[in-house]
>>> print(open('upload.txt').read())   # compact mmCIF, C-alpha atoms
# COMPACT_ATOMS: atom_id res chain seq x y z
CA MET A 25 -15.74 2.10 11.67
CA THR A 26 -12.56 0.80 10.03
CA LYS A 27 -9.57 1.19 12.36
CA ILE A 28 -6.11 1.95 10.99
CA LEU A 29 -2.91 2.02 13.00
CA VAL A 30 0.00 4.22 11.83
CA ILE A 31 3.40 3.40 13.38
CA GLU A 32 5.97 6.05 12.44
CA ASP A 33 8.70 7.65 14.56
CA GLU A 34 8.88 10.87 12.50
CA THR A 35 6.08 13.06 13.87
CA PRO A 36 5.40 15.15 10.71
CA ILE A 37 5.05 12.02 8.54
CA ARG A 38 2.88 10.23 11.09
CA GLU A 39 0.55 13.20 11.52
CA ASN A 40 0.35 13.72 7.75
CA VAL A 41 -0.66 10.10 7.11
CA MET A 42 -3.17 10.17 9.95
CA GLU A 43 -4.76 13.34 8.61
CA ILE A 44 -5.08 11.88 5.10
CA LEU A 45 -6.82 8.79 6.46
CA GLU A 46 -9.05 10.67 8.90
CA LEU A 47 -10.34 12.78 5.99
CA GLU A 48 -11.35 9.49 4.33
CA GLY A 49 -13.49 8.64 7.35
CA PHE A 50 -11.25 6.06 9.02
CA ASP A 51 -10.74 5.73 12.76
CA VAL A 52 -6.97 6.36 12.93
CA PHE A 53 -4.52 5.63 15.74
CA GLY A 54 -0.88 6.69 15.87
CA ALA A 55 2.23 5.29 17.57
CA ALA A 56 5.67 6.91 17.67
CA ASP A 57 7.65 3.66 17.98
CA GLY A 58 7.38 -0.08 17.46
CA SER A 59 6.79 -1.01 21.09
CA ARG A 60 3.88 1.41 21.45
CA GLY A 61 2.58 0.26 18.09
CA LEU A 62 2.45 -3.36 19.21
CA GLU A 63 0.68 -2.40 22.44
CA LEU A 64 -1.93 -0.44 20.47
CA ALA A 65 -2.36 -3.22 17.91
CA ALA A 66 -3.04 -5.77 20.65
CA ARG A 67 -5.56 -3.45 22.31
CA ILE A 68 -7.51 -1.97 19.38
CA LYS A 69 -7.12 -4.86 16.90
CA PRO A 70 -6.86 -2.64 13.80
CA ASP A 71 -8.19 -3.49 10.37
CA LEU A 72 -4.94 -2.33 8.74
CA ILE A 73 -1.43 -1.31 9.86
CA LEU A 74 0.89 1.21 8.20
CA CYS A 75 4.40 0.94 9.64
CA ASP A 76 7.78 2.58 9.11
CA ILE A 77 10.72 0.16 8.87
CA THR A 78 13.64 2.13 10.29
CA MET A 79 12.78 2.91 13.90
CA PRO A 80 14.86 2.77 17.09
CA GLU A 81 14.68 -0.24 19.42
CA VAL A 82 11.82 -2.17 17.76
CA ASP A 83 11.97 -1.71 13.98
CA GLY A 84 9.25 -2.37 11.43
CA TYR A 85 10.43 -5.90 10.65
CA GLU A 86 10.16 -6.86 14.33
CA VAL A 87 6.71 -5.32 14.51
CA LEU A 88 5.59 -7.35 11.50
CA VAL A 89 6.98 -10.61 12.90
CA GLU A 90 5.20 -10.06 16.22
CA VAL A 91 1.93 -9.15 14.50
CA ARG A 92 2.03 -12.29 12.36
CA ARG A 93 2.62 -14.53 15.38
CA THR A 94 -0.26 -13.00 17.38
CA PRO A 95 -3.45 -14.96 16.48
CA GLU A 96 -5.89 -12.09 17.09
CA ILE A 97 -4.19 -9.79 14.57
CA ALA A 98 -2.15 -12.18 12.44
CA ALA A 99 -4.29 -11.65 9.33
CA VAL A 100 -4.34 -7.83 9.50
CA PRO A 101 -3.10 -6.22 6.24
CA PHE A 102 0.35 -4.72 6.83
CA ILE A 103 1.86 -1.95 4.68
CA PHE A 104 5.43 -0.76 5.09
CA LEU A 105 6.41 2.91 4.80
CA THR A 106 10.01 3.21 3.64
CA ALA A 107 12.46 5.41 1.79
CA ARG A 108 14.39 2.40 0.51
CA THR A 109 13.49 0.73 -2.77
CA ASP A 110 16.33 -1.78 -3.35
CA ARG A 111 15.01 -5.27 -4.19
CA PRO A 112 16.64 -7.30 -1.35
CA PHE A 113 15.25 -4.83 1.18
CA VAL A 114 11.75 -5.05 -0.29
CA ARG A 115 11.93 -8.84 -0.71
CA HIS A 116 12.86 -9.35 2.93
CA GLY A 117 9.75 -7.54 4.11
CA MET A 118 7.51 -9.48 1.73
CA GLU A 119 9.01 -12.77 2.90
CA LEU A 120 8.14 -11.82 6.48
CA GLY A 121 4.51 -11.31 5.45
CA ALA A 122 4.14 -7.66 4.41
CA ASP A 123 1.24 -7.00 2.06
CA ASP A 124 2.54 -3.85 0.36
CA TYR A 125 5.10 -1.02 0.35
CA ILE A 126 4.63 2.71 0.09
CA THR A 127 7.80 4.57 -0.81
CA LYS A 128 8.66 7.88 0.83
CA PRO A 129 8.01 10.59 -0.20
CA PHE A 130 4.44 9.72 -1.10
CA THR A 131 1.33 11.57 -2.17
CA PRO A 132 -2.08 11.48 -0.49
CA ALA A 133 -3.40 9.64 -3.55
CA GLU A 134 -0.81 6.88 -3.11
CA ILE A 135 -1.77 6.44 0.55
CA ARG A 136 -5.48 6.32 -0.27
CA ALA A 137 -4.97 3.87 -3.16
CA ALA A 138 -2.78 1.46 -1.18
CA VAL A 139 -5.11 1.45 1.82
CA ALA A 140 -8.24 1.02 -0.32
CA SER A 141 -6.64 -1.85 -2.25
CA ARG A 142 -5.67 -3.78 0.87
CA LEU A 143 -8.99 -3.22 2.62
CA ASP A 144 -10.92 -4.31 -0.48
CA ARG A 145 -8.79 -7.43 -0.73
CA ARG A 146 -9.39 -8.22 2.93
CA LYS A 147 -13.16 -7.83 2.50
CA ALA A 148 -13.03 -10.18 -0.49
CA MET A 149 -11.05 -12.75 1.51
CA GLU A 150 -13.44 -12.46 4.47
CA LYS A 151 -16.40 -12.96 2.14
CA SER A 152 -14.75 -16.02 0.63
CA SER A 153 -13.91 -17.32 4.10
CA ASP A 154 -17.49 -16.82 5.26
CA GLU A 155 -18.75 -18.68 2.20
CA ASP A 156 -16.29 -21.52 2.85
CA LEU A 157 -17.39 -21.65 6.50
CA GLU A 158 -21.04 -21.79 5.51
CA GLN A 159 -20.31 -24.54 3.01
CA ALA A 160 -18.38 -26.46 5.67
CA ARG A 161 -21.29 -26.03 8.09
CA ARG A 162 -23.76 -27.36 5.53
CA THR A 163 -21.46 -30.27 4.70
CA LEU A 164 -21.06 -31.12 8.38
CA ILE A 165 -24.80 -31.05 9.00
CA ARG A 166 -25.48 -33.17 5.92
CA MET A 167 -22.80 -35.75 6.68
CA VAL A 168 -23.57 -36.05 10.40
CA SER A 169 -27.28 -36.35 9.65
CA HIS A 170 -26.62 -39.00 7.01
CA GLU A 171 -24.17 -40.99 9.11
CA LEU A 172 -26.46 -40.98 12.16
CA ARG A 173 -29.75 -41.52 10.37
CA THR A 174 -28.69 -44.26 7.95
CA PRO A 175 -27.72 -46.87 10.57
CA LEU A 176 -30.64 -45.82 12.77
CA ILE A 177 -33.06 -46.43 9.90
CA SER A 178 -31.52 -49.86 9.35
CA ILE A 179 -31.69 -50.69 13.05
CA ASN A 180 -35.26 -49.44 13.47
CA THR A 181 -36.49 -51.15 10.31
CA SER A 182 -34.94 -54.48 11.23
CA ALA A 183 -36.24 -54.27 14.79
CA GLU A 184 -39.75 -53.48 13.55
CA ILE A 185 -39.77 -56.40 11.12
CA ILE A 186 -38.57 -58.78 13.81
CA SER A 187 -41.16 -57.45 16.27
CA ARG A 188 -44.07 -57.78 13.83
CA GLN A 189 -43.12 -60.98 12.01
CA ILE A 190 -40.96 -62.94 14.45
CA GLY A 191 -43.29 -65.94 14.26
CA GLN A 192 -43.26 -65.90 10.45
CA LEU A 193 -39.50 -65.50 9.83
CA ASN A 194 -37.47 -68.57 9.03
CA PRO A 195 -33.99 -68.90 10.60
CA ALA A 196 -32.22 -67.47 7.52
CA GLN A 197 -34.49 -64.42 7.41
CA LEU A 198 -34.10 -63.87 11.12
CA GLN A 199 -30.33 -64.09 10.77
CA ASP A 200 -30.45 -61.47 7.98
CA MET A 201 -32.37 -59.11 10.26
CA MET A 202 -29.92 -59.69 13.11
CA ASP A 203 -26.98 -59.06 10.77
CA ALA A 204 -28.58 -55.76 9.69
CA LEU A 205 -28.99 -54.77 13.35
CA ASN A 206 -25.37 -55.64 14.00
CA ARG A 207 -24.06 -53.66 11.00
CA GLY A 208 -26.13 -50.63 11.89
CA GLY A 209 -24.98 -50.73 15.50
CA LYS A 210 -21.30 -50.94 14.54
CA ARG A 211 -21.61 -48.08 12.06
CA LEU A 212 -23.41 -45.92 14.61
CA ASN A 213 -20.86 -46.78 17.28
CA ARG A 214 -17.99 -45.66 15.00
CA VAL A 215 -19.61 -42.29 14.31
CA VAL A 216 -20.35 -41.66 17.97
CA GLU A 217 -16.79 -42.64 18.96
CA GLN A 218 -15.35 -40.28 16.34
CA ILE A 219 -17.43 -37.39 17.66
CA VAL A 220 -16.44 -38.17 21.26
CA LEU A 221 -12.73 -38.33 20.40
CA VAL A 222 -12.85 -35.05 18.48
CA ALA A 223 -14.52 -33.41 21.48
CA GLU A 224 -11.87 -34.84 23.83
CA LEU A 225 -9.07 -33.53 21.61
CA ASP A 226 -10.67 -30.10 21.26
CA THR A 227 -11.11 -29.74 25.02
CA ASN A 228 -7.65 -31.18 25.86
CA ALA A 229 -9.21 -34.07 27.75
CA LEU A 230 -7.13 -36.14 25.34
CA SER A 231 -3.75 -34.44 25.26
CA ALA A 232 -0.06 -35.19 25.62
CA ASN A 233 -0.14 -34.23 29.31
CA ALA A 234 -3.24 -36.32 30.03
CA ILE A 235 -1.76 -39.34 28.25
CA GLN A 236 1.51 -39.09 30.16
CA GLN A 237 -0.34 -38.70 33.45
CA TYR A 238 -3.10 -41.27 33.04
CA GLY A 239 -1.99 -43.46 30.13
CA ALA A 240 -1.14 -47.14 30.33
CA VAL A 241 2.22 -48.70 29.44
CA VAL A 242 1.54 -51.44 26.89
CA PRO A 243 3.33 -53.06 23.95
CA LEU A 244 2.29 -51.39 20.70
CA SER A 245 1.67 -54.87 19.27
CA GLU A 246 -1.12 -55.37 21.82
CA VAL A 247 -2.85 -52.18 20.67
CA LEU A 248 -2.31 -53.18 17.05
CA ILE A 249 -4.00 -56.59 17.39
CA ALA A 250 -7.04 -54.96 19.01
CA ALA A 251 -7.07 -52.30 16.28
CA ILE A 252 -7.11 -54.93 13.52
CA ASP A 253 -10.20 -56.56 15.03
CA LEU A 254 -11.89 -53.17 15.32
CA ALA A 255 -10.95 -52.25 11.74
CA ARG A 256 -12.57 -55.40 10.38
CA ALA A 257 -15.75 -54.38 12.20
CA PHE A 258 -15.50 -50.84 10.76
CA ALA A 259 -14.67 -51.82 7.17
CA TYR A 260 -17.72 -51.48 4.93
CA ARG A 261 -15.92 -52.99 1.92
CA HIS A 262 -13.67 -56.05 1.91
CA PRO A 263 -13.38 -56.55 5.69
CA ASP A 264 -11.92 -60.00 5.11
CA VAL A 265 -8.93 -58.87 3.00
CA THR A 266 -5.80 -60.73 4.11
CA ILE A 267 -3.60 -58.86 6.58
CA ARG A 268 0.04 -59.90 6.69
CA LEU A 269 1.63 -58.90 9.98
CA ASP A 270 5.38 -58.38 10.39
CA GLU A 271 6.00 -57.72 14.08
CA ARG A 272 9.69 -57.15 14.64
CA ASP A 273 10.38 -55.68 18.07
CA ASP A 274 6.88 -56.66 19.17
CA GLN A 275 7.70 -55.93 22.83
CA ALA A 276 8.31 -52.20 22.19
CA ALA A 277 6.19 -50.48 24.83
CA ILE A 278 4.49 -47.10 24.69
CA VAL A 279 2.47 -44.88 27.01
CA CYS A 280 -0.99 -44.50 25.53
CA ASP A 281 -4.67 -43.94 25.94
CA MET A 282 -5.45 -47.41 24.63
CA ARG A 283 -9.04 -46.67 23.60
CA ALA A 284 -8.02 -43.63 21.56
CA LEU A 285 -4.90 -45.13 19.98
CA LYS A 286 -6.73 -48.35 19.12
CA HIS A 287 -9.38 -46.28 17.36
CA ALA A 288 -6.74 -44.24 15.49
CA LEU A 289 -4.96 -47.36 14.20
CA ALA A 290 -8.31 -48.95 13.35
CA GLU A 291 -9.23 -45.94 11.20
CA LEU A 292 -5.98 -46.31 9.25
CA ILE A 293 -6.37 -50.07 8.80
CA THR A 294 -10.04 -49.65 7.84
CA ASN A 295 -9.05 -47.41 4.92
CA ALA A 296 -6.46 -49.95 3.79
CA LEU A 297 -9.04 -52.76 3.88
CA SER A 298 -11.85 -50.81 2.27
CA PHE A 299 -9.77 -49.57 -0.67
CA SER A 300 -7.89 -52.82 -1.31
CA PRO A 301 -8.95 -55.22 -4.05
CA ARG A 302 -11.16 -58.03 -2.79
CA GLU A 303 -8.37 -60.55 -3.27
CA GLY A 304 -5.66 -58.10 -2.21
CA GLU A 305 -3.43 -58.00 0.83
CA VAL A 306 -2.63 -55.39 3.47
CA THR A 307 0.83 -55.50 5.01
CA ILE A 308 1.42 -54.12 8.51
CA ALA A 309 4.99 -53.95 9.80
CA GLN A 310 6.33 -52.84 13.18
CA TRP A 311 9.95 -52.15 14.15
CA GLN A 312 11.95 -50.08 16.61
CA VAL A 313 14.77 -47.63 15.91
CA ALA A 314 16.44 -46.05 18.96
CA ASP A 315 13.71 -44.46 21.09
CA ARG A 316 10.91 -44.66 18.48
CA VAL A 317 8.70 -47.53 17.41
CA TRP A 318 7.56 -47.45 13.79
CA LEU A 319 4.47 -48.83 12.08
CA SER A 320 3.67 -49.02 8.38
CA ILE A 321 0.36 -49.97 6.78
CA VAL A 322 0.54 -50.75 3.07
CA ASP A 323 -2.28 -51.52 0.66
CA HIS A 324 -2.34 -52.03 -3.11
CA GLY A 325 -5.64 -50.30 -3.77
CA VAL A 326 -6.74 -47.28 -5.80
CA GLY A 327 -4.15 -44.91 -4.30
CA MET A 328 -4.27 -41.11 -4.25
CA THR A 329 -2.65 -38.16 -5.96
CA PRO A 330 -0.63 -35.70 -3.81
CA GLU A 331 -3.57 -33.30 -3.95
CA GLN A 332 -5.95 -36.02 -2.75
CA VAL A 333 -3.61 -36.93 0.10
CA GLU A 334 -3.69 -33.31 1.25
CA LEU A 335 -7.50 -33.25 1.10
CA ALA A 336 -7.80 -36.60 2.89
CA LEU A 337 -6.06 -35.12 5.92
CA LYS A 338 -8.66 -32.39 6.25
CA ASP A 339 -11.85 -32.88 8.25
CA PHE A 340 -14.99 -33.90 6.34
CA HIS A 341 -13.23 -34.68 3.05
CA GLN A 342 -13.59 -38.01 1.30
CA ILE A 343 -11.74 -38.93 -1.87
CA ASP A 344 -13.79 -40.04 -4.90
CA ARG A 345 -17.03 -40.28 -2.90
CA ASP A 346 -18.91 -39.64 -6.13
CA ARG A 347 -17.33 -42.74 -7.72
CA HIS A 348 -17.05 -45.14 -4.78
CA GLU A 349 -19.67 -46.04 -2.19
CA GLN A 350 -18.34 -44.73 1.08
CA GLN A 351 -19.37 -44.47 4.69
CA GLY A 352 -18.24 -42.05 7.34
CA MET A 353 -17.82 -38.31 7.72
CA GLY A 354 -14.29 -37.96 6.37
CA LEU A 355 -12.87 -37.79 9.89
CA GLY A 356 -10.87 -41.02 9.91
CA LEU A 357 -7.44 -39.88 8.70
CA PRO A 358 -7.37 -36.41 10.31
CA LEU A 359 -8.67 -37.85 13.58
CA ALA A 360 -6.03 -40.59 13.54
CA ARG A 361 -3.28 -38.04 12.90
CA ARG A 362 -4.47 -35.85 15.79
CA ILE A 363 -4.59 -38.82 18.18
CA ILE A 364 -1.12 -39.97 17.15
CA ALA A 365 0.23 -36.42 17.56
CA ALA A 366 -1.26 -36.32 21.08
CA HIS A 367 0.80 -39.44 21.80
CA GLY A 368 3.97 -37.66 20.68
CA GLY A 369 3.94 -39.38 17.31
CA GLU A 370 4.03 -38.45 13.65
CA LEU A 371 2.10 -39.76 10.65
CA GLU A 372 2.96 -39.61 6.96
CA ILE A 373 1.11 -40.79 3.86
CA SER A 374 2.77 -41.87 0.61
CA SER A 375 0.47 -42.84 -2.22
CA VAL A 376 0.54 -43.47 -5.96
CA ARG A 377 -2.68 -43.26 -7.92
CA GLY A 378 -3.64 -46.73 -9.14
CA LYS A 379 -0.92 -48.52 -7.16
CA GLY A 380 -1.71 -48.12 -3.48
CA THR A 381 -0.97 -46.25 -0.28
CA GLN A 382 1.55 -46.53 2.54
CA ILE A 383 0.88 -44.94 5.91
CA THR A 384 3.92 -44.65 8.18
CA LEU A 385 3.79 -43.53 11.79
CA ASN A 386 6.11 -43.49 14.76
CA LEU A 387 5.62 -43.20 18.51
CA PRO A 388 8.02 -42.72 21.44
CA VAL A 389 8.88 -45.91 23.31
CA THR A 390 9.06 -46.11 27.08
CA ASP A 391 11.01 -48.31 29.49
CA GLY A 392 7.99 -48.41 31.79
CA THR A 393 9.64 -46.53 34.64
>>> encode(input="upload.txt", output="structure tokens")
Amino acid sequence: MTKILVIEDETPIRENVMEILELEGFDVFGAADGSRGLELAARIKPDLILCDITMPEVDGYEVLVEVRRTPEIAAVPFIFLTARTDRPFVRHGMELGADDYITKPFTPAEIRAAVASRLDRRKAMEKSSDEDLEQARRTLIRMVSHELRTPLISINTSAEIISRQIGQLNPAQLQDMMDALNRGGKRLNRVVEQIVLVAELDTNALSANAIQQYGAVVPLSEVLIAAIDLARAFAYRHPDVTIRLDERDDQAAIVCDMRALKHALAELITNALSFSPREGEVTIAQWQVADRVWLSIVDHGVGMTPEQVELALKDFHQIDRDRHEQQGMGLGLPLARRIIAAHGGELEISSVRGKGTQITLNLPVTDGT
């Protein structure tokens, strides 16, 4: 049964609203003040809240702010009951996250209409959310299956050919088979490592506290060199694009989980390589300002629109996959950003469609003590 919470300090109004809603078949709860209302909301997790604004101690605005910051009830539709109708007053409540206003005095029809409208809207949003979740689930299954099966097929096929025809293959053919095995293994290794790192982040095995406690103190330049080598192994297009390295302040040291940070930087450099022109150049620069060390990765490839940049930072999204052959599950950029954030860093992307992309990140330096 749909649960509705009515928070109103005037007893006649509260009882009147509750009676109207109970006659409509709702499970209705009442609270005479904001504090009690918040306690009830946390306990019963209502489907909708009706709340007076002017109440002693905890007013309606404070109730709304607390509701919106509580994850379990943050999305609950919230309707204010008020005798005031001036625009600044109404606007303030809407800016805090109110869904609607009912002005006192009100009729039963107005209560019923406002409640029905908000509940219908919530059902529509939940349906849309469920559909999005199902689509995301299908996309995840499809992409994981593809990214695991494709290199496995290549590995198994090459191994079978070598096993059956090893005496008949000339050195060039044998080298081709070995190269296919190597490519398949590297691609599979990248996918597995991505999945492992996501799991470590989700379970806090890879976190700011863990990095500070167990991380190693190393120059960022050391991690960067290793990441470039890994990126060339990851890159499915143009792995041999020239990389120009500008390492000012190359002794700037950081505390890091080297495996994770190397992978994060490799994901960023891989994108720069893969989307650069074959004869292009990727520029990587490092410098220190105060207590932060900065890194920029610049390519002159296809670039992205602001909307595409936003999508690229979401899990399982790949830009222009229908137009460009791509590998991976769309985890590279969001995974890199999460790993950098766990190291106390920040990542930004600037891109111009048709001109290229610049990724800029910074990390806290350490004196090693």
>>> residues_around(input="upload.txt", residues="segment 230-242 of chain A", least_positions_apart="4", cutoff="6 Å", atoms="all atoms listed in the file", output="ChimeraX atom specification")
/A:224-225,277-281,366-367
>>> atom_distance(input="upload.txt", atom1="atom CA of Ala196 of chain A", atom2="atom CA of Ile179 of chain A")
17.7 Å
>>> residues_around(input="upload.txt", residues="Gln382 of chain A", least_positions_apart="2", cutoff="10 Å", atoms="only C-alpha atoms", output="PyMOL selection string")
chain A and resi 296+306-308+320-324+327+372-376+380+384-385
>>> atom_distance(input="upload.txt", atom1="atom CA of Pro132 of chain A", atom2="atom CA of Glu81 of chain A")
28.5 Å
>>> atom_distance(input="upload.txt", atom1="atom CA of Arg272 of chain A", atom2="atom CA of Glu246 of chain A")
13.1 Å
>>> closest_residue(input="upload.txt", among="A:Glu48, A:Thr181, A:Gln192, A:Leu176", to="Ile135 of chain A", atoms="only C-alpha atoms")
A:Glu48
>>> residues_near_point(input="upload.txt", point="(8.5, 5.8, -0.5)", cutoff="8 Å", atoms="only C-alpha atoms", output="list in words")
Leu105, Thr106, Ala107, Arg108, Thr109, Tyr125, Ile126, Thr127, Lys128, Pro129 and Phe130 of chain A
>>> closest_residue(input="upload.txt", among="A:Pro358, A:Pro70, A:Gly61, A:Gly49", to="Leu292 of chain A", atoms="only C-alpha atoms")
A:Pro358
>>> residues_around(input="upload.txt", residues="Ala360 of chain A", least_positions_apart="5", cutoff="8 Å", atoms="only C-alpha atoms", output="VMD selection string")
chain A and resid 285 287 to 289 291 to 292
>>> write_last_selection(input="upload.txt", atoms="C-alpha atoms", output="PDB file, in the coordinates of the input")
ATOM      1  CA  LEU A 285      -4.900 -45.130  19.980  1.00  0.00           C
ATOM      2  CA  HIS A 287      -9.380 -46.280  17.360  1.00  0.00           C
ATOM      3  CA  ALA A 288      -6.740 -44.240  15.490  1.00  0.00           C
ATOM      4  CA  LEU A 289      -4.960 -47.360  14.200  1.00  0.00           C
ATOM      5  CA  GLU A 291      -9.230 -45.940  11.200  1.00  0.00           C
ATOM      6  CA  LEU A 292      -5.980 -46.310   9.250  1.00  0.00           C
TER       7      LEU A 292
END
>>> closest_residue(input="upload.txt", among="A:Leu335, A:Leu172, A:Leu387, A:Leu62", to="Gly209 of chain A", atoms="only C-alpha atoms")
A:Leu172
